[in-house]
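Below is one structure, written out as structure tokens; comments come after it.
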Amino acid sequence: MINKTYRLALAAATLFTFSSANSNAAPEKNFFTQSYTGARTDFTGNVGYEFVPETKLMVTALGRSVSGGRLQKTHQVTLWDTVTAKPLATTTISMTSKMDALGYAFQPLAHPLLLAKDRRYRITSSEMQGGDPMMDVADINKHASVATVGTGVYQMGNAYPSAKYGRDEQGYGVPTFYFNTAGVKPALLKAASHGTAPLIRDIPTGYLLQCSFLSPRPYCWQGTDSLLSGWEVDKSGGNYAFHPTCLYPDGFAFHSDWFKLMDTNTGAAVTLKHQIARQTTGQMTLEFRFKMTKRMDGARWQLRDLQQSAIGLVTAGGNLCWENGKALAPYEINREYGVKVIADIAAYTADVFVDGSLKAKGLPFLHHVKSLDYFLVKTGGAATGEMFLSPVNTYKGYTVNEMFVTSGVGKAPTDWSVHNASVREFECGAKPDIFSLRVMGVATKKFTPTHGRTVFECRFLLPNKAASAHVNLGGVNLPGMSNYRQNLWYMAKVITNPVTKNAEIFINGKPTPTRVAWTKPVSSVRFAGNLWVDDVQVYPWRDYPADYVPAPKPTPAKSPYSLGVQSCNLWREGTAYAGWDYVYPYRDKRKPYLGWYDEGSPEETDWEIKWQVEHGVTFEQHCWYRPNNAINHPIKDGVLDQGIIKGLFNARYSKMAKFTIMCTDEGACETNPQDWRDNITPYWIEYFFKDPRYFKVNGKPVVSIYSLSSWQRMFGSNANCRQAILTLRNACKQAGFPGVIVLMEHRGADRNVLQTMKDIGVDDCYSYTWGTPDVNVQRNANIAQRDAAAAVGFHMLPSISMGWDREAWGVHDGGWATAADYQSLAQWTKDRFMPSLPTDSLGRHIVMLANWNEFGEGHFLMPSTLTGFGYLDALRTVFTPGGEHHDAAPNARQKRRFTALYPKD
């Protein structure tokens with residue numbers, strides 16, 4: 001009887017007939033099958049969502065959900081055409097509007113509206129600050145199958161809702177539409193099935209989630225909210241916050257001071273969930289750090305399948321506990337803790353470490369799940385307070401993976417054997433990865449013996465070159481330790497081979513001249529003497545799969561031309577910038593052919609190398625950032641350097657590629673004369689300039705500086721700016737180079753600016769972008785810069801772009817040239833503009849291309865859904881000998897190996 005009553009109530013809630021309609025008319029149906037309410041009242045403008053009908057739909061009424069019993073204000077509900085950006089139908093919803101049983105106020109249309117199948121529409125409700133409460137952006141997936149829902153949309157004022165926010169099946173408000181069911185297939189009238197599908201990826205070794213909440217908001221974002229890319233967020237109990245704000249100019253930064261969840265509701269919690277690539281066998285490790293500002297019972301951290309938890313940690317009574325009640329360790333307020341959980345999926349057990357100390361071994365899973373699919377963190381339901389959180393990592397396949405980020409300061413992890421060694425803060429990279437092992441005696445990590453080729457990696461720094469230090473990786477002693485610089489972090493990699501009984505050694509991404517004998521395998525890594533140690537990894541070597549990236553067939557630019565493509569490596573989800581969630585709503589024109597790739601994967605890097613060298617690109621100029629929190633310290637990690645350090649340095653085809661760097665001194669790279677001399681300059685020389693893959697002109701490394709004004713601010717005067725560049729030149733000469741070529745960015749023709757660049761010792765200027773798709777404007781901009789430079793006796797490099805549109809970053813301010821127009825611009829640059837430059841100008845030989853991979857900012861040459869290979873093929877036609885070629889791209893199977901960190905296809 002109860003079930004029958006429920007079914008009748010549901011039918012009444014979702015079907016109704018207009019009293020004014022013909023009594024023989026088909027019933028009308030609300031698109032939604034449940035109510036969606038909320039409490040947000042701080043926005044004035046249009047809010048709603050995008051949707052695509054799966055069949056022709058006759059819309060007969062529009063409506064809006066009602067939060068709080070009844071409406072107090074008037075709302076305009078509008079259906080919009082996404083092609084014309086014009087309204088198709090509008091109704092006025094008010095306190096006098098009829099209500100259906102689900103709690104939606106509705107108003108019939110004067111004339112029914114026929115919607116086309118597979119066409120995109122947007123529906124919005126007008127809202128007013130302080131007016132009727134509405135639902136903040138959230139899942140709205142309980143609806144009929146007649147349409148699929150895209151992302152949330154909004155716009156301040158009464159204009160077309162051009163801004164997108166959220167993921168598919170999310171929206172604001174919520175407005176709805178009613179449709180005539182006549183002729184609609186019964187299956188489409190049923191509630192849509194939106195059960196979460198498992199994320200299937202092929203990652204034998206690597207990170208499945210790696211999040212430090214770095215720069216969650218783009219610098220020009222205008223929305224009142226920010227996305228937390230890749231995360232499913234429930235803010236019922238409060239919100240989240242982070243610092244810096246990331247907004248330009250005052251909060252613009254490429255580091256994170258903190259990220260926190262703020263619970264302000266005694267009846268609800270703040271919950272974050274992140275799907276991970278499904279794991280069904282072996283071990284998986286979870287790492288995170290947290291800090292509570294007050295006692296908060298009921299806070300949880302879980303690993304789950306699609307329905308229930310397997311790993312569960314909870315706070316209770318001032319303790320961190322296993323969810324079955326076992327207390328693991330007390331926690332104090334305003335003290336940060338590191339937690340590591342090693343889950344054995346086959347055994348249904350877990351080991352738990354807190355601050356590096358083993359607190360429990362073999363704890364039983366809370367449920368015997370067959371897979372691990374999600375990480376979840378949640379504040380206390382009844383408790384309020386703040387939880388600081390960062391990082392959150394899950395990974396698999398490593399024999400050893402020790403970053404010391406969950407270790408307690410002042411001691412060593414209990415699974416290491418140490419004498420006079422402990423973990424300390426050493427701020428040589430972006431927070432929270434600021435913990436390293438200080439060794440003044442011996443530190444050893446033993447592990448289960450490995451079989452087959454094995455990779456060993458670590459970072460080390462010698463604080464006192466006069467003191468002895470030893471690094472042994474699996475039985476291989478790193479040679480020549482006395483030759484290493486003092487106070488410079490080195491990156492060592494050893495690949496051992498039991499068949500050949502030798503080992504390859506790489507230092508800072510470069511192979512050493514000879515292999516060393518490896519006759520006595522040792523199942524440990526050992527560090528002795530006086531040194532710092534970090535980022536220790538041991539994992540099995542894996543041969544290239546049969547369907548690996550096809551070998552590139554380079555087609556270089558014809559002499560004397562060199563094409564330099566600028567790039568900004570923002571696309572390693574969780575540890576880079578903003579994230580793919582901002583680009584995802586615009587995937588029809590911005591989705592890379594690589595998919596939502598994990599930047600820094602050697603395989604995806606090989607695809608990039610292939611595409612560049614087959615289309616005449618000579619070098620890639622990477623934006624390089626040192627996090628501002630690490631000023632005055634030796635550099636262990638830059639920010640957004642994964643494209644070079646993890647990708648290029650480990651790519652199979654890297655010898656075919658050339659690269660340069662641009663010091664991005666805005667929001668990062670904060671420095672001063674001593675830091676510049678002692679930390680940045682040596683790092684560049686050892687990691688980059690000495691690399692044979694680094695692009696040089698007549699033996700001179702080419703390096704760029706982004707912002708003149710930031711350079712002046714940091715060094716204080718033009719004389720000091722000149723001295724800094726002279727310091728770099730002298731250091732390069734001492735390192736054996738004939739000099740260095742210094743470029744600086746300027747997207748204009750200001751003679752005073754160019755004169756200053758010349759005065760401080762810059763060799764050439766160029767434009768990072770002209771900020772327009774108009775090729776005529778770009779021609780004129782190049783000419784103007786050429787003439788201004790000539791007037792002060794300075795030089796410039798030509799720069800051309802396929803366009804500019806920051807819509808994914810929240811500002812729709814441009815567009816894109818067609819491939820044909822771009823080709824004509826390239827042809828003009830080669831045939832007419834470059835020959836017009838002075839005969840001794842570098843610009844007669846080098847042209848800068850904007851940009852390779854700025855999918856958020858909206859200038860990208862990398863093959864994508866916008867024009868495919870159109871822009872690259874244009875460059876190939878103009879600058880190379882051309883000829884027949886085949887543009888290859890990865891298939892779905894191949895992409896599963898390098899698209900693990902962002903949980904969407």
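Just so we're on the same page: first chain in the structure tokens is A, next is B, and so on; residues restart at 1 for each chain, and ligands are numbered from 1 in the order they show up.
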Determine, counting only C-alpha atoms, which protein, DNA and RNA residues have an atom within 12 Å of an atom of Leu837 in chain A; residues of the same chain fewer than 2 positions away are not included. Present the result as a list of chain:residue names. A:Asn782, A:Ile783, A:Gln785, A:Arg786, A:Asp787, A:Ala789, A:Ala790, A:Gly793, A:Phe794, A:His795, A:Met796, A:Leu797, A:Pro798, A:Thr829, A:Lys830, A:Asp831, A:Arg832, A:Phe833, A:Met834, A:Pro835, A:Thr839, A:Asp840, A:Ser841, A:Leu842, A:Gly843, A:Arg844, A:His845, A:Ile846, A:Val847
Tell me, counting only C-alpha atoms, for each residue of range 513-598 of chain A within 9 Å of range 879-886 of chain A, which pair of atoms is nearest and how far apart they are in Å to one decimal, in rows ordered by chain and increasing number, as CSV.
residue,atom,partner,partner_atom,distance
A:Lys553,CA,A:His885,CA,8.8
A:Thr555,CA,A:Thr880,CA,6.5
A:Pro556,CA,A:Thr880,CA,6.1
A:Ala557,CA,A:Thr880,CA,4.4
A:Lys558,CA,A:Thr880,CA,5.1
A:Ser559,CA,A:Thr880,CA,8.9
A:Tyr561,CA,A:Phe879,CA,7.4
A:Ser562,CA,A:Phe879,CA,8.9
A:Leu563,CA,A:Phe879,CA,8.5
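Excluding range 406-423 of chain A and any residue on its chain fewer than 4 positions from it, the residues at most 8 Å away by only C-alpha atoms are Glu287, Phe288, Arg289, Tyr337, Gly338, Val339, Lys340, Val354, Asp355, Gly356, Ser357, Leu358, Phe435, Ser436, Leu437, Arg438, Val439, Met440, Gly441, Val442, Ala443, Thr444, Lys445 and Lys446 of chain A.
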Can you pull out the residues contacting Arg587 in chain A? Cut-off 12 Å, using only C-alpha atoms, and skip same-chain residues under 2 positions away; I want them as a PyMOL selection string. chain A and resi 150-151+164+167-168+580-585+589-593+595-596+807-808+855-856+858+864-866+904-905
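Compared by their closest atoms to Ala492 in chain A, and using only C-alpha atoms, the residues A:Cys458, A:Cys721, A:Leu115, A:Leu726 rank with A:Cys458 nearest.
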Just the alpha helix (DSSP H) stuff from range 385-626 of chain A, please, per backbone DSSP, written as number ranges by chain. A: 587-590, 602-613
Near range 494-505 of chain A, counting only C-alpha atoms, which residues have an atom at most 6 Å away, once you skip same-chain residues fewer than 4 positions from it, shown as a list in words? Arg453, Thr454, Val455, Phe456, Pro511, Thr512, Arg515, Val516, Ala517, Trp518 and Thr519 of chain A
Go ahead and save the picked residues with C-alpha atoms, as an mmCIF file, in the first residue's frame.
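again_19.cif, written as the output of this step:
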data_model
loop_
_atom_site.group_PDB
_atom_site.id
_atom_site.type_symbol
_atom_site.label_atom_id
_atom_site.label_comp_id
_atom_site.auth_asym_id
_atom_site.auth_seq_id
_atom_site.Cartn_x
_atom_site.Cartn_y
_atom_site.Cartn_z
ATOM 1 C CA ARG A 453 64.959 -3.407 -14.896
ATOM 2 C CA THR A 454 64.328 -0.989 -12.049
ATOM 3 C CA VAL A 455 64.266 2.796 -11.850
ATOM 4 C CA PHE A 456 65.656 4.678 -8.845
ATOM 5 C CA PRO A 511 72.663 10.940 -19.190
ATOM 6 C CA THR A 512 76.161 10.669 -17.823
ATOM 7 C CA ARG A 515 77.225 3.280 -17.939
ATOM 8 C CA VAL A 516 78.504 1.764 -14.705
ATOM 9 C CA ALA A 517 78.814 -1.867 -13.730
ATOM 10 C CA TRP A 518 75.996 -3.179 -11.574
ATOM 11 C CA THR A 519 76.980 -6.604 -10.388
#
Please provide the set of residues having any atom within 9 Å of Thr91 in chain A, restricted to only C-alpha atoms, with same-chain residues fewer than 6 positions apart removed, written as a ChimeraX atom specification. /A:61-63,75-78,106-110
Can you tell me which residues surround Tyr625 in chain A at a distance of at most 9 Å, considering only C-alpha atoms, apart from same-chain residues fewer than 5 positions away, and format the answer as a PyMOL selection string? chain A and resi 254+638-641+662-669
Ile345 in chain A proximity check over A:Thr394, A:Asn464, A:Thr280, A:Gln34, using only C-alpha atoms: winner is A:Thr280
Calculate how many Å separate CA of Thr124 in chain A from CA of Val59 in chain A, rounding to one decimal. 14.8 Å
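Our summary of the geometry notes that CA of Ala360 in chain A is positioned 9.8 Å from CA of Ala329 in chain A.
Taking CA of Leu208 in chain A as the reference point, CA of Ser390 in chain A is found at 15.7 Å.
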Taking the DSSP assignment computed from this structure's backbone, write out as a PyMOL selection string all residues of range 71-233 of chain A that belong to strand (DSSP E). chain A and resi 75-81+86-93+98-99+104-115+121-127+135-139+147-156+163-165+170-173+175-180+206-211+232-233
Listing only residues of range 568-638 of chain A within 6 Å of range 215-229 of chain A, what is the closest atom pair and its distance in Å (to one decimal) for each, using only C-alpha atoms, sorted by chain and residue number ascending, as a tab-separated table?
residue	atom	partner	partner_atom	distance
A:Tyr577	CA	A:Ser215	CA	5.3
A:Ala578	CA	A:Pro216	CA	4.4
A:Gly579	CA	A:Ser229	CA	5.2
A:Asp581	CA	A:Ser229	CA	4.8
Using the selection just defined, write its residues with N, CA, C and O atoms as a PDB file, in the first residue's frame.
ATOM      1  N   TYR A 577      47.428  24.599 -12.360  1.00  0.00           N
ATOM      2  CA  TYR A 577      46.739  25.885 -12.330  1.00  0.00           C
ATOM      3  C   TYR A 577      45.283  25.705 -12.725  1.00  0.00           C
ATOM      4  O   TYR A 577      44.998  25.090 -13.754  1.00  0.00           O
ATOM      5  N   ALA A 578      44.369  26.235 -11.929  1.00  0.00           N
ATOM      6  CA  ALA A 578      42.938  26.298 -12.232  1.00  0.00           C
ATOM      7  C   ALA A 578      42.345  24.915 -12.516  1.00  0.00           C
ATOM      8  O   ALA A 578      41.615  24.375 -11.699  1.00  0.00           O
ATOM      9  N   GLY A 579      42.632  24.342 -13.676  1.00  0.00           N
ATOM     10  CA  GLY A 579      42.202  22.983 -13.955  1.00  0.00           C
ATOM     11  C   GLY A 579      41.291  22.847 -15.146  1.00  0.00           C
ATOM     12  O   GLY A 579      40.735  23.806 -15.682  1.00  0.00           O
ATOM     13  N   ASP A 581      38.348  21.659 -15.391  1.00  0.00           N
ATOM     14  CA  ASP A 581      36.924  21.963 -15.225  1.00  0.00           C
ATOM     15  C   ASP A 581      36.543  23.289 -15.874  1.00  0.00           C
ATOM     16  O   ASP A 581      35.401  23.462 -16.311  1.00  0.00           O
TER      17      ASP A 581
END
